[in-house]
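Visitor: Please see the structure below; I have some questions.
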Amino acid sequence: MLDAIDPSALAEAESVIVREAELYRRPPEKSTFMARLLGKSVGSLEQLSETHQLEKLFLFHRDGNLREAALRKFDGPVSSAFMFIALAWRLNDWVPEVRRAAEECVSRCFPQTPASIVAQAAAVLLIRKSSWRRWGDERRWLDAVLNRRDVASELAAQIIERPSGPTARILRGALQTPWMDSFLPQIAGSAVQPATRAVAYETLIAGQASWPNGWRWRWVDKTIGRRRVETVFAHRPLATDISLQDIIAMALRDRSGAVRSVAMSGVIRHRDKLSDVEAIAREFLDDSARGVRERAEFILR
């Protein structure tokens, strides 16, 4: 039943799992969940060693020793996206010994896990992992599996087909790996959500990928001590040789005004590299999207 939980619900599910299964550091005096399940009263470590798949439950135990022992019991491919995220989360555990056990666990299990499961988990992890603060070198194991080409292919298909959800943010996170570059033209032309197509076109037109990489404070007015949080982006050049003229032409034919605005911004930015810039601008002076019309007028001025 754990495998059937929505992978995006891990934070909410953990507290419920701990409460319902009584996974506390000191179990209550009354008969525990596991004693009732097994029909006898035994120690937690003995339960873990004797009971098939109990490591999936003890992964959430409030006792760090039992979380560590559960991680050492995992072997083979991960069974679901929910469990994949649960294991990845232990890389950011508050107990250093648990983080080390998680490293060993994911190094065994993640490379064997099917790309479809990894991609489903990646759609959640690519948004959330940047907020994790405890881990250090442990992140390399997660980055390695997210950077697999077969995972990029599965994730691209999900990004294209999903009718709702933060797919634009997922795509931003996925752009850390060069494997995603070859799928950008397909995402730009076929993604269901306009915001996702806009990110893909923006990336192709800029010729570089960018993704959130932390945050910093930016002063708004030092005299009154006013400042705001600003997202910091990392960048890398794209590993693709698609024609700039062709990609802008594709974006200008998109049905979304937001995407056409991205295309017209590309015309402004790269006008020295494009042909018939004025003709392009005149064609879109009467566009239905205000942002497109304003950019066309700017080009002509």
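Starting from 1 in every chain, residues are counted up; chains themselves are A, B, ... following the order of the structure tokens, and ligands are numbered from 1 as listed.
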Excluding Arg236 of chain A and residues on its chain fewer than 2 positions from it, collect all residues at most 7 Å away from it, counting only C-alpha atoms, and give them as a ChimeraX atom specification.

Guide: /A:208-210,238

Visitor: Take the residues just selected and output them with C-alpha atoms as an mmCIF file, in the first residue's frame.

Guide:
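What follows is the written file result.cif:
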data_model
loop_
_atom_site.group_PDB
_atom_site.id
_atom_site.type_symbol
_atom_site.label_atom_id
_atom_site.label_comp_id
_atom_site.auth_asym_id
_atom_site.auth_seq_id
_atom_site.Cartn_x
_atom_site.Cartn_y
_atom_site.Cartn_z
ATOM 1 C CA GLN A 208 21.778 28.066 -22.930
ATOM 2 C CA ALA A 209 19.993 26.191 -20.171
ATOM 3 C CA SER A 210 19.285 27.849 -16.837
ATOM 4 C CA LEU A 238 23.073 23.846 -24.908
#

Visitor: Would you mind listing what lies within 10 Å of Pro7 of chain A as a ChimeraX atom specification, with only C-alpha atoms counted and same-chain residues fewer than 2 positions away left out?

Guide: /A:2-5,9-11,13,80-86,120-125

Visitor: Between atom CA of Thr240 of chain A and atom CA of Gly207 of chain A, what distance in Å does the model show, to one decimal?

Guide: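 Atom-to-atom, atom CA of Thr240 of chain A to atom CA of Gly207 of chain A, that is 8.3 Å.
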
Visitor: Give me, as a VMD selection string, the residues of segment 30-218 of chain A that a backbone DSSP run labels strand (DSSP E or B).

Guide: chain A and resid 208 to 218

Visitor: For Glu14 of chain A, which of A:Glu68, A:Leu48, A:Trp89, A:Ala102 is the closest residue, counting only C-alpha atoms?

Guide: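 The shortest atom-to-atom distance to Glu14 of chain A comes from A:Trp89.
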
Visitor: Report as JSON, numbers by chain: the residues of segment 103-250 of chain A with a DSSP assignment of alpha helix (DSSP H), based on the backbone of this structure.

Guide: {"A": [103, 104, 105, 106, 107, 108, 109, 115, 116, 117, 118, 119, 120, 121, 122, 123, 124, 125, 126, 127, 128, 139, 140, 141, 142, 143, 144, 145, 146, 149, 150, 151, 152, 153, 154, 155, 156, 157, 158, 159, 160, 161, 167, 168, 169, 170, 171, 172, 173, 174, 184, 185, 186, 187, 188, 189, 190, 194, 195, 196, 197, 198, 199, 200, 201, 202, 203, 204, 205, 206, 244, 245, 246, 247, 248, 249, 250]}

Visitor: What's the 9 Å shell around segment 242-250 of chain A, counting only C-alpha atoms, without same-chain residues fewer than 6 positions away, as a JSON list (two decimals) with N, CA, C and O atoms, in the first residue's frame?

Guide:
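Final file, selection33.json:
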[["chain", "number", "residue", "atom", "x", "y", "z"],
["A", 185, "PRO", "N", 13.37, 20.52, -28.65],
["A", 185, "PRO", "CA", 12.50, 20.86, -29.79],
["A", 185, "PRO", "C", 11.16, 20.13, -29.75],
["A", 185, "PRO", "O", 10.12, 20.73, -30.08],
["A", 188, "ALA", "N", 9.08, 21.79, -27.03],
["A", 188, "ALA", "CA", 8.64, 23.10, -27.48],
["A", 188, "ALA", "C", 7.46, 23.00, -28.44],
["A", 188, "ALA", "O", 6.52, 23.80, -28.39],
["A", 189, "GLY", "N", 7.49, 22.00, -29.30],
["A", 189, "GLY", "CA", 6.44, 21.89, -30.30],
["A", 189, "GLY", "C", 5.21, 21.13, -29.86],
["A", 189, "GLY", "O", 4.12, 21.32, -30.44],
["A", 201, "TYR", "N", 11.13, 26.95, -25.62],
["A", 201, "TYR", "CA", 11.52, 27.88, -26.68],
["A", 201, "TYR", "C", 12.51, 28.92, -26.16],
["A", 201, "TYR", "O", 13.50, 29.26, -26.85],
["A", 204, "LEU", "N", 15.93, 27.31, -26.03],
["A", 204, "LEU", "CA", 16.51, 27.09, -27.36],
["A", 204, "LEU", "C", 16.95, 28.41, -28.00],
["A", 204, "LEU", "O", 18.01, 28.48, -28.63],
["A", 205, "ILE", "N", 16.14, 29.45, -27.83],
["A", 205, "ILE", "CA", 16.48, 30.75, -28.43],
["A", 205, "ILE", "C", 17.70, 31.35, -27.74],
["A", 205, "ILE", "O", 18.58, 31.94, -28.39],
["A", 207, "GLY", "N", 20.07, 29.69, -26.35],
["A", 207, "GLY", "CA", 21.25, 28.87, -26.60],
["A", 207, "GLY", "C", 21.92, 28.39, -25.33],
["A", 207, "GLY", "O", 23.04, 27.88, -25.37],
["A", 260, "ARG", "N", 4.46, 33.20, -28.27],
["A", 260, "ARG", "CA", 4.81, 34.13, -29.36],
["A", 260, "ARG", "C", 5.56, 35.35, -28.81],
["A", 260, "ARG", "O", 6.45, 35.89, -29.48],
["A", 262, "VAL", "N", 7.64, 35.24, -26.26],
["A", 262, "VAL", "CA", 9.00, 34.73, -26.07],
["A", 262, "VAL", "C", 9.75, 34.76, -27.41],
["A", 262, "VAL", "O", 10.92, 35.16, -27.48],
["A", 263, "ALA", "N", 9.06, 34.36, -28.47],
["A", 263, "ALA", "CA", 9.68, 34.36, -29.80],
["A", 263, "ALA", "C", 10.05, 35.77, -30.24],
["A", 263, "ALA", "O", 11.14, 36.02, -30.76],
["A", 264, "MET", "N", 9.14, 36.71, -30.00],
["A", 264, "MET", "CA", 9.40, 38.09, -30.42],
["A", 264, "MET", "C", 10.53, 38.71, -29.60],
["A", 264, "MET", "O", 11.32, 39.51, -30.11],
["A", 266, "GLY", "N", 13.00, 37.01, -28.61],
["A", 266, "GLY", "CA", 14.17, 36.43, -29.27],
["A", 266, "GLY", "C", 14.55, 37.18, -30.53],
["A", 266, "GLY", "O", 15.73, 37.34, -30.84],
["A", 267, "VAL", "N", 13.54, 37.65, -31.26],
["A", 267, "VAL", "CA", 13.82, 38.46, -32.46],
["A", 267, "VAL", "C", 14.55, 39.74, -32.07],
["A", 267, "VAL", "O", 15.51, 40.16, -32.73],
["A", 270, "HIS", "N", 18.21, 38.87, -30.92],
["A", 270, "HIS", "CA", 19.11, 38.32, -31.94],
["A", 270, "HIS", "C", 18.86, 38.97, -33.31],
["A", 270, "HIS", "O", 19.11, 38.33, -34.34],
["A", 273, "LYS", "N", 21.31, 38.66, -36.09],
["A", 273, "LYS", "CA", 21.60, 37.33, -36.63],
["A", 273, "LYS", "C", 20.47, 36.81, -37.52],
["A", 273, "LYS", "O", 20.60, 35.74, -38.11],
["A", 274, "LEU", "N", 19.36, 37.54, -37.60],
["A", 274, "LEU", "CA", 18.19, 37.07, -38.32],
["A", 274, "LEU", "C", 17.97, 37.87, -39.59],
["A", 274, "LEU", "O", 18.41, 39.02, -39.71],
["A", 275, "SER", "N", 17.28, 37.25, -40.53],
["A", 275, "SER", "CA", 16.93, 37.95, -41.77],
["A", 275, "SER", "C", 15.47, 38.39, -41.72],
["A", 275, "SER", "O", 14.64, 37.77, -41.07]]

Visitor: Go through A:Ala279, A:Ile268, A:Leu252, A:Val145 one by one, measure the shortest atom-to-atom distance of each to Ile299 of chain A using only C-alpha atoms, and give the residue with the smallest value.

Guide: A:Ile268

Visitor: Just want the 12 Å neighbourhood of Phe74 of chain A, counted on only C-alpha atoms, with same-chain residues fewer than 6 positions away dropped. Output as a ChimeraX atom specification.

Guide: /A:48-49,52-59,67-68,83-84,87,101-110

Visitor: Please save N, CA and C atoms of the selected residues as a compact mmCIF listing (two decimals), in the first residue's frame.

Guide:
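Result saved to result_12.txt:
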# COMPACT_ATOMS: atom_id res chain seq x y z
N LEU A 48 12.35 -6.30 12.16
CA LEU A 48 12.89 -5.85 10.87
C LEU A 48 13.59 -6.98 10.13
N SER A 49 14.35 -7.79 10.83
CA SER A 49 15.10 -8.87 10.18
C SER A 49 14.19 -10.02 9.75
N HIS A 52 9.25 -9.63 5.98
CA HIS A 52 9.50 -9.24 4.58
C HIS A 52 8.97 -7.84 4.31
N GLN A 53 9.78 -6.99 3.73
CA GLN A 53 9.45 -5.63 3.29
C GLN A 53 9.16 -4.66 4.44
N LEU A 54 9.44 -5.06 5.68
CA LEU A 54 9.21 -4.14 6.79
C LEU A 54 10.14 -2.93 6.73
N GLU A 55 11.25 -3.07 5.98
CA GLU A 55 12.16 -1.92 5.83
C GLU A 55 11.46 -0.72 5.21
N LYS A 56 10.43 -0.96 4.38
CA LYS A 56 9.69 0.15 3.77
C LYS A 56 8.97 0.97 4.83
N LEU A 57 8.49 0.30 5.88
CA LEU A 57 7.79 0.99 6.96
C LEU A 57 8.79 1.63 7.92
N PHE A 58 9.83 0.88 8.28
CA PHE A 58 10.80 1.39 9.26
C PHE A 58 11.67 2.51 8.68
N LEU A 59 11.60 2.73 7.40
CA LEU A 59 12.30 3.88 6.80
C LEU A 59 11.81 5.19 7.40
N ARG A 67 16.00 3.46 11.36
CA ARG A 67 16.05 3.96 9.97
C ARG A 67 17.32 3.48 9.29
N GLU A 68 18.43 3.55 10.00
CA GLU A 68 19.71 3.10 9.44
C GLU A 68 19.66 1.61 9.12
N MET A 83 8.54 5.30 -2.89
CA MET A 83 9.65 4.76 -2.13
C MET A 83 10.98 5.35 -2.61
N PHE A 84 11.07 5.65 -3.90
CA PHE A 84 12.28 6.27 -4.44
C PHE A 84 12.51 7.62 -3.76
N LEU A 87 13.55 7.18 -0.09
CA LEU A 87 14.97 6.85 0.04
C LEU A 87 15.84 8.08 -0.23
N ALA A 101 24.23 5.61 5.59
CA ALA A 101 23.54 4.37 5.21
C ALA A 101 22.69 4.59 3.96
N ALA A 102 22.10 5.78 3.84
CA ALA A 102 21.30 6.10 2.66
C ALA A 102 22.17 6.14 1.41
N GLU A 103 23.38 6.69 1.54
CA GLU A 103 24.31 6.69 0.40
C GLU A 103 24.57 5.28 -0.10
N GLU A 104 24.89 4.38 0.83
CA GLU A 104 25.17 3.00 0.45
C GLU A 104 23.93 2.35 -0.17
N CYS A 105 22.76 2.66 0.39
CA CYS A 105 21.52 2.07 -0.11
C CYS A 105 21.22 2.52 -1.54
N VAL A 106 21.27 3.83 -1.78
CA VAL A 106 20.90 4.31 -3.11
C VAL A 106 21.94 3.93 -4.15
N SER A 107 23.20 3.78 -3.73
CA SER A 107 24.22 3.33 -4.69
C SER A 107 23.94 1.90 -5.15
N ARG A 108 23.28 1.09 -4.30
CA ARG A 108 22.88 -0.27 -4.68
C ARG A 108 21.60 -0.27 -5.52
N CYS A 109 20.63 0.52 -5.08
CA CYS A 109 19.27 0.38 -5.59
C CYS A 109 18.94 1.30 -6.77
N PHE A 110 19.40 2.54 -6.74
CA PHE A 110 18.99 3.49 -7.77
C PHE A 110 19.42 3.08 -9.18

Visitor: At a cut-off of 10 Å, using only C-alpha atoms, what residues contact Ala195 of chain A? Leave out same-chain residues fewer than 4 positions from it and give the result as a VMD selection string.

Guide: chain A and resid 166 to 169 188 191 199 to 201 256 258 to 259

Visitor: What is the atom CA of Asp181 of chain A to atom CA of Arg255 of chain A distance in Å?

Guide: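 Pair atom CA of Asp181 of chain A / atom CA of Arg255 of chain A returns 23.1 Å.
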